[in-house]
Every structure is written in structure tokens, then in C-alpha cells.
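Structure data follow from entry-v2.cif (mmCIF, C-alpha atoms):
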```cif
data_target
loop_
_atom_site.label_atom_id
_atom_site.label_comp_id
_atom_site.auth_asym_id
_atom_site.auth_seq_id
_atom_site.Cartn_x
_atom_site.Cartn_y
_atom_site.Cartn_z
CA MET A 1 6.54 -2.00 17.12
CA ALA A 2 2.83 -2.63 16.53
CA THR A 3 1.60 -4.32 13.37
CA VAL A 4 -1.87 -4.67 11.89
CA GLU A 5 -2.41 -7.02 8.97
CA LEU A 6 -5.44 -6.91 6.73
CA ARG A 7 -6.25 -9.42 3.99
CA PHE A 8 -9.20 -9.02 1.67
CA SER A 9 -10.54 -10.71 -1.42
CA ALA A 10 -9.64 -8.90 -4.63
CA GLN A 11 -12.93 -7.06 -4.93
CA PRO A 12 -13.07 -3.28 -5.56
CA GLU A 13 -15.64 -2.76 -2.79
CA HIS A 14 -13.07 -3.81 -0.16
CA VAL A 15 -10.64 -1.03 -1.09
CA ARG A 16 -12.70 1.52 0.86
CA THR A 17 -12.43 -0.61 4.01
CA ALA A 18 -8.65 -0.82 3.59
CA ARG A 19 -8.48 2.99 3.26
CA LEU A 20 -10.52 3.51 6.43
CA VAL A 21 -8.46 1.01 8.43
CA ALA A 22 -5.19 2.56 7.20
CA ALA A 23 -6.30 6.07 8.17
CA ALA A 24 -7.44 4.94 11.63
CA VAL A 25 -4.19 3.09 12.35
CA ALA A 26 -2.11 5.99 10.95
CA ARG A 27 -3.93 8.45 13.21
CA ARG A 28 -3.32 6.22 16.23
CA ALA A 29 0.36 5.85 15.26
CA GLY A 30 0.85 9.61 15.34
CA VAL A 31 0.80 10.55 11.66
CA GLU A 32 -0.11 14.24 11.41
CA GLU A 33 -3.78 14.98 10.80
CA ALA A 34 -2.94 17.02 7.69
CA VAL A 35 -1.31 13.95 6.09
CA LEU A 36 -4.16 11.49 6.72
CA ASP A 37 -5.92 12.31 3.43
CA GLU A 38 -2.69 11.49 1.59
CA VAL A 39 -2.48 8.18 3.48
CA ARG A 40 -6.07 7.33 2.49
CA LEU A 41 -5.54 8.22 -1.15
CA ALA A 42 -2.20 6.40 -1.45
CA VAL A 43 -3.56 3.24 0.18
CA GLY A 44 -6.63 3.41 -2.04
CA GLU A 45 -4.46 3.64 -5.17
CA ALA A 46 -2.15 0.82 -4.05
CA CYS A 47 -5.05 -1.45 -3.11
CA SER A 48 -6.94 -0.67 -6.33
CA ARG A 49 -3.80 -1.53 -8.28
CA ALA A 50 -3.41 -4.84 -6.42
CA VAL A 51 -7.10 -5.70 -6.92
CA GLY A 52 -6.81 -4.92 -10.63
CA LEU A 53 -3.70 -7.08 -10.99
CA HIS A 54 -5.35 -10.00 -9.21
CA ARG A 55 -8.53 -9.76 -11.25
CA SER A 56 -6.77 -9.36 -14.61
CA ASN A 57 -4.56 -12.38 -13.84
CA GLY A 58 -7.41 -14.55 -12.57
CA LEU A 59 -6.05 -14.86 -9.02
CA THR A 60 -8.37 -15.61 -6.13
CA ALA A 61 -5.69 -15.02 -3.48
CA PRO A 62 -6.30 -12.13 -1.08
CA VAL A 63 -4.65 -8.73 -1.28
CA ARG A 64 -2.44 -8.13 1.77
CA VAL A 65 -2.08 -4.83 3.62
CA VAL A 66 0.38 -4.55 6.52
CA LEU A 67 0.37 -1.44 8.71
CA ILE A 68 3.52 -1.07 10.81
CA GLU A 69 3.88 1.44 13.63
CA GLU A 70 7.50 2.10 14.55
CA GLU A 71 9.08 4.64 16.85
CA LYS A 72 9.69 7.35 14.26
CA GLN A 73 7.76 6.20 11.21
CA PHE A 74 4.55 4.57 10.05
CA SER A 75 4.72 2.14 7.13
CA ILE A 76 2.11 0.53 4.95
CA GLU A 77 2.85 -2.39 2.66
CA VAL A 78 0.32 -3.38 0.02
CA GLY A 79 1.11 -6.73 -1.55
CA ASP A 80 -0.24 -8.59 -4.52
CA GLN A 81 0.53 -12.17 -5.49
CA VAL A 82 1.04 -11.59 -9.19
CA PRO A 83 4.48 -12.90 -10.22
CA GLY A 84 6.64 -10.24 -11.78
CA PRO A 85 10.23 -9.67 -12.82
CA GLY A 86 12.80 -10.42 -10.19
CA GLY A 87 13.60 -14.07 -10.71
CA GLY A 88 12.60 -15.47 -7.35
CA SER A 89 13.75 -12.83 -4.92
CA SER A 90 11.96 -9.62 -4.17
CA GLU A 91 14.23 -7.12 -5.82
CA PRO A 92 13.73 -3.38 -5.56
CA VAL A 93 12.50 -1.83 -8.75
CA ALA A 94 14.59 1.10 -9.89
CA GLY A 95 12.17 3.96 -10.37
CA MET A 96 8.41 3.89 -10.62
CA ASP A 97 8.34 3.48 -14.40
CA ALA A 98 10.45 0.33 -14.21
CA ALA A 99 7.90 -1.22 -11.85
CA LEU A 100 5.47 -1.43 -14.70
CA ASP A 101 5.14 -4.51 -16.83
CA PRO A 102 5.76 -3.64 -20.48
CA ASP A 103 2.25 -4.93 -21.22
CA ALA A 104 0.64 -3.01 -18.37
CA ASP A 105 -2.12 -0.60 -19.19
CA GLY A 106 -2.11 3.15 -18.55
CA GLU A 107 -4.25 2.77 -15.43
CA ASP A 108 -1.46 0.86 -13.66
CA GLU A 109 1.07 3.52 -14.63
CA MET A 110 -1.28 6.29 -13.46
CA GLY A 111 -1.81 4.60 -10.08
CA LEU A 112 1.93 4.42 -9.42
CA ALA A 113 2.34 8.04 -10.50
CA VAL A 114 -0.39 9.13 -8.08
CA ILE A 115 1.21 7.17 -5.23
CA SER A 116 4.64 8.66 -5.90
CA GLY A 117 3.06 12.13 -5.89
CA LEU A 118 1.38 11.53 -2.53
CA VAL A 119 4.16 9.74 -0.66
CA ASP A 120 7.72 11.02 -0.34
CA ASP A 121 9.14 7.67 0.80
CA VAL A 122 7.82 4.89 -1.45
CA SER A 123 9.40 1.73 -2.84
CA VAL A 124 8.15 -0.93 -5.20
CA THR A 125 9.45 -4.48 -5.23
CA SER A 126 8.48 -7.31 -7.51
CA GLY A 127 9.40 -10.96 -7.49
CA GLU A 128 8.28 -14.46 -8.23
CA SER A 129 5.81 -14.46 -5.32
CA GLY A 130 4.28 -11.06 -6.13
CA GLY A 131 4.83 -7.36 -5.72
CA THR A 132 4.79 -4.94 -2.80
CA ILE A 133 4.36 -1.21 -2.60
CA ARG A 134 5.84 0.10 0.66
CA MET A 135 4.98 3.61 1.78
CA ARG A 136 6.40 5.41 4.83
CA TRP A 137 5.41 8.54 6.75
CA PRO A 138 7.03 10.20 9.76
CA VAL A 139 5.12 10.19 13.05
CA SER A 140 4.86 13.21 15.31
CA GLY A 141 5.13 11.34 18.60
CA VAL A 142 2.59 9.83 20.92
CA ALA A 143 -0.92 9.68 19.48
CA ASP A 144 -3.79 11.36 21.26
CA LEU A 145 -5.97 8.26 21.13
CA PRO A 146 -5.85 5.70 23.98
#
```
Let me see the structure of the file written as C-alpha cells.
Amino acid sequence: MATVELRFSAQPEHVRTARLVAAAVARRAGVEEAVLDEVRLAVGEACSRAVGLHRSNGLTAPVRVVLIEEEKQFSIEVGDQVPGPGGGSSEPVAGMDAALDPDADGEDEMGLAVISGLVDDVSVTSGESGGTIRMRWPVSGVADLP
């Protein structure tokens, strides 16, 4: 299992870099070429959401992106450090709508809707130490890249 971890300051201009890194690692992991645009878009939405949460809550902590290559799947976790419901443990959020803070704006809701439309296997967790969006894609086998 290979893992790549990326941390970046919560600035919108860094989201593009995260998208490019995610697409490159996904390609190397064996994610089908036809799915790479979906990977880019989903990571962009998740990172934009995390950046927005950090900025609106005055956090200077970095946004965390973890890319995990496993035998039969490729996973990406985008984490923010904004405390949410969950009371100390990272609890799965039942359904995408429940992941939203009641005071959240429509942009946050739209971002989660876009992600759920792009990724078949997605989960959102939220806890005292922040939230994570985990997305998974199947891999087609050995990648063509060395």
C-alpha cells in the first residue's frame, strides 16, 4: 500500500495543485483514464470546501489530502480541522445532507452534492478534531507508468 500525503495552507490557489497531484497519483495507481476527470473535479470540490471552512472559521492550520493506493482501490481523504458534530470521535455522517452544519451556506451543500454525483463510494465524517471526506475508486490493475 503506497500513500502520498499533501498538506497546504488554506488558500484557494493551492486547490489546483492538489487536483493535479491527485490526478497524477490516481493515474499511477491504475484508475481508468476515463475516470481521471471525475477524480480531479471531486478533489477540487473537497479541497475548496475545506479551504472555505478553514477561512470562514479563521483557522491557519493546513488542509490535509491523503492519497492511498491499495491493491483493488484508490482512496483520497480530504481533511479539514474545523470541529463539527460528533462529540470527540470521528463518527460517520448519515447521508450527505446530514454532513452539513445547520448554519452552513448553500455553497457547502452544493460542493457535497457535486462530490456525491462524481464519486460512487464517498463518506463524510465529522468530529471534534475536524472533518474528512473519503472518496474511493476501483483500480484496473498495474499502471502503465514506471
* Quick one: residues within 7 Å of stretch 23-25 of chain A, all atoms listed in the file counted, chain neighbours fewer than 3 positions away excluded, as a ChimeraX atom specification? -> /A:19-20,28-29,36,39-40
* Give the answer as one residue: which of A:Gly58, A:Gly111, A:Gly30, A:Pro12 has the shortest atom-to-atom distance to A:Gln73, using only C-alpha atoms? => A:Gly30
* To do: For the structure shown, which residues end up in the PyMOL selection byres ((chain A and resi 127-136) around 10)? Put them as an MDAnalysis selection string, please?
  => chainID A and resid 39 42:43 46:47 49:50 64:69 73:93 99 112 115:116 118:126 137:139
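The two atoms in question, atom CA of A:Arg7 and atom CA of A:Glu45, are spaced 16.1 Å apart.
Comparing A:Leu53, A:Leu41, A:Met1, A:Val63 by their smallest distance to A:Ala22, the closest is A:Leu41 (using only C-alpha atoms).
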* Interatomic distance, atom CA of A:Thr60 to atom CA of A:Ala10 (Å, one decimal) -> 7.0 Å
